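A.B. asks: The following block contains the structure, expressed as structure tokens.
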Amino acid sequence: MIRRTLILLVAMAALTAANEASASNIFLPTSGPSCLDRSKDSFGLWRCPGPAGYVVEFGDEGNMVGMGFAKAPLRGRSTRFVANWRGAGKVFGDKLQWVMQDGKPGAAVIRVWRVDTDKDGHDHEFQELKVFRVHEKGSCEYAAIDVRQPSANEQAEARAREALTHVCPKS
């Protein structure tokens with residue numbers, strides 16, 4: 001019995017280590033010459049290439065912003081946004097961290113600026129690290145980490161690793 005338990009624990013540790021070893025990070029820009037700008041006069045819309053045939057699309061209409069992911073060509077149809085929020089300041093960070101697993105994106109992390117209104121009606125600006133599950137069958141927002149927390153980057157990295165196995169709800 002003890003030997004079986006020990007073998008099971010060793011096998012689980014090896015599987016966890018293999019999963020961690022197969023995951024890596026790629027940092028790509030969220031704007032610039034590699035991105036396709038589809039903006040109109042009153043609405044910013046652009047799409048940037050990601051790894052392995054994926055794209056990320058950003059939208060900014062001045063108050064509400066959003067983003068979405070797809071396995072699609074850069075010049076393909078618009079993507080469904082998987083997250084929307086009231087933008088503030090810079091809105092999107094300069095880089096998107098693609099968390100790769102087995103050669104494909106499985107999660108993503110980006111710094112964002114957003115506005116929330118408190119119960120007294122006052123607006124407050126926040127910076128967050130948003131974590132997304134990225135999958136060709138559907139992506140979703142997984143977590144948001146307040147950047148003022150100690151070890152916010154490490155927390156976002158850990159949540160991104162968790163997101164690799166998350167199944168997004170059907171929409």
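Residues in the structure tokens are numbered from 1 in each chain, the chains being A, B, ... in the order shown, and ligands are numbered from 1 in the order shown.
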When you look at region 86-100 of chain A with a cut-off of 7 Å (counting only C-alpha atoms), what residues show up, excluding the ones that are within fewer than 5 positions of it in the same chain? I need them as a compact mmCIF listing (two decimals) with C-alpha atoms, in the first residue's frame.
C.D. replies:
```
# COMPACT_ATOMS: atom_id res chain seq x y z
CA ALA A 23 4.78 25.54 -21.06
CA SER A 24 6.75 28.61 -22.16
CA ASN A 25 6.15 32.33 -22.68
CA ILE A 26 6.27 34.52 -25.77
CA PHE A 27 5.94 38.31 -25.45
CA LEU A 28 4.54 40.15 -28.49
CA PRO A 29 3.52 43.79 -29.07
CA THR A 30 -0.08 44.96 -28.67
CA ASN A 63 -15.03 54.71 -22.96
CA MET A 64 -15.55 50.98 -23.41
CA VAL A 65 -12.74 48.71 -24.53
CA PRO A 105 -1.19 29.38 -27.00
CA GLY A 106 -3.08 28.23 -23.93
CA ALA A 107 -3.29 31.42 -21.89
CA ALA A 108 -2.42 35.11 -22.13
CA VAL A 109 -1.61 37.93 -19.70
CA ILE A 110 -1.85 41.66 -20.36
CA ARG A 111 -1.63 44.81 -18.23
CA VAL A 112 -4.72 47.00 -18.55
CA TRP A 113 -5.98 50.28 -17.16
CA ARG A 114 -9.68 50.45 -16.25
CA VAL A 115 -12.23 52.57 -14.37
CA GLU A 125 -8.63 54.15 -12.08
```
A.B. asks: Return as a Markdown table the residues of region 54-93 of chain A lying at most 12 Å from region 162-171 of chain A, together with the closest atom-to-atom pair for each and the distance in Å to one decimal, counting only C-alpha atoms, with rows in chain order and ascending residue number.
C.D. replies:
```
| residue | atom | partner | partner_atom | distance |
| --- | --- | --- | --- | --- |
| A:Arg80 | CA | A:Ser171 | CA | 10.5 |
| A:Phe81 | CA | A:Ser171 | CA | 11.4 |
| A:Val82 | CA | A:Ser171 | CA | 9.7 |
```
A.B. asks: Would you list the contacts of Ser42 (chain A) as a list in words, taking every protein, DNA or RNA residue within 10 Å and counting only C-alpha atoms, but skipping same-chain residues closer than 4 positions in sequence?
C.D. replies: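 In the requested form, the answer reads Asp60, Glu61 and Gly62 of chain A.
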A.B. asks: Kindly save the residues from that selection, with C-alpha atoms included, as a PDB file, in the first residue's frame.
C.D. replies:
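Result file follows (result_31.pdb):
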```
ATOM      1  CA  ASP A  60     -11.373  51.066 -27.983  1.00  0.00           C
ATOM      2  CA  GLU A  61     -14.305  53.424 -28.504  1.00  0.00           C
ATOM      3  CA  GLY A  62     -13.088  55.970 -25.974  1.00  0.00           C
TER       4      GLY A  62
END
```
A.B. asks: Which residues are near Ala156 (chain A)? Cut-off 10 Å, only C-alpha atoms, ignore same chain within fewer than 2 positions. Put them as an MDAnalysis selection string.
C.D. replies: chainID A and resid 108:110 128:131 143:147 151:154 158:162
A.B. asks: What does the structure give for the distance between CA of Thr117 (chain A) and CA of Val56 (chain A), in Å to one decimal?
C.D. replies: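 Answer for the CA of Thr117 (chain A) to CA of Val56 (chain A) separation: 27.8 Å.
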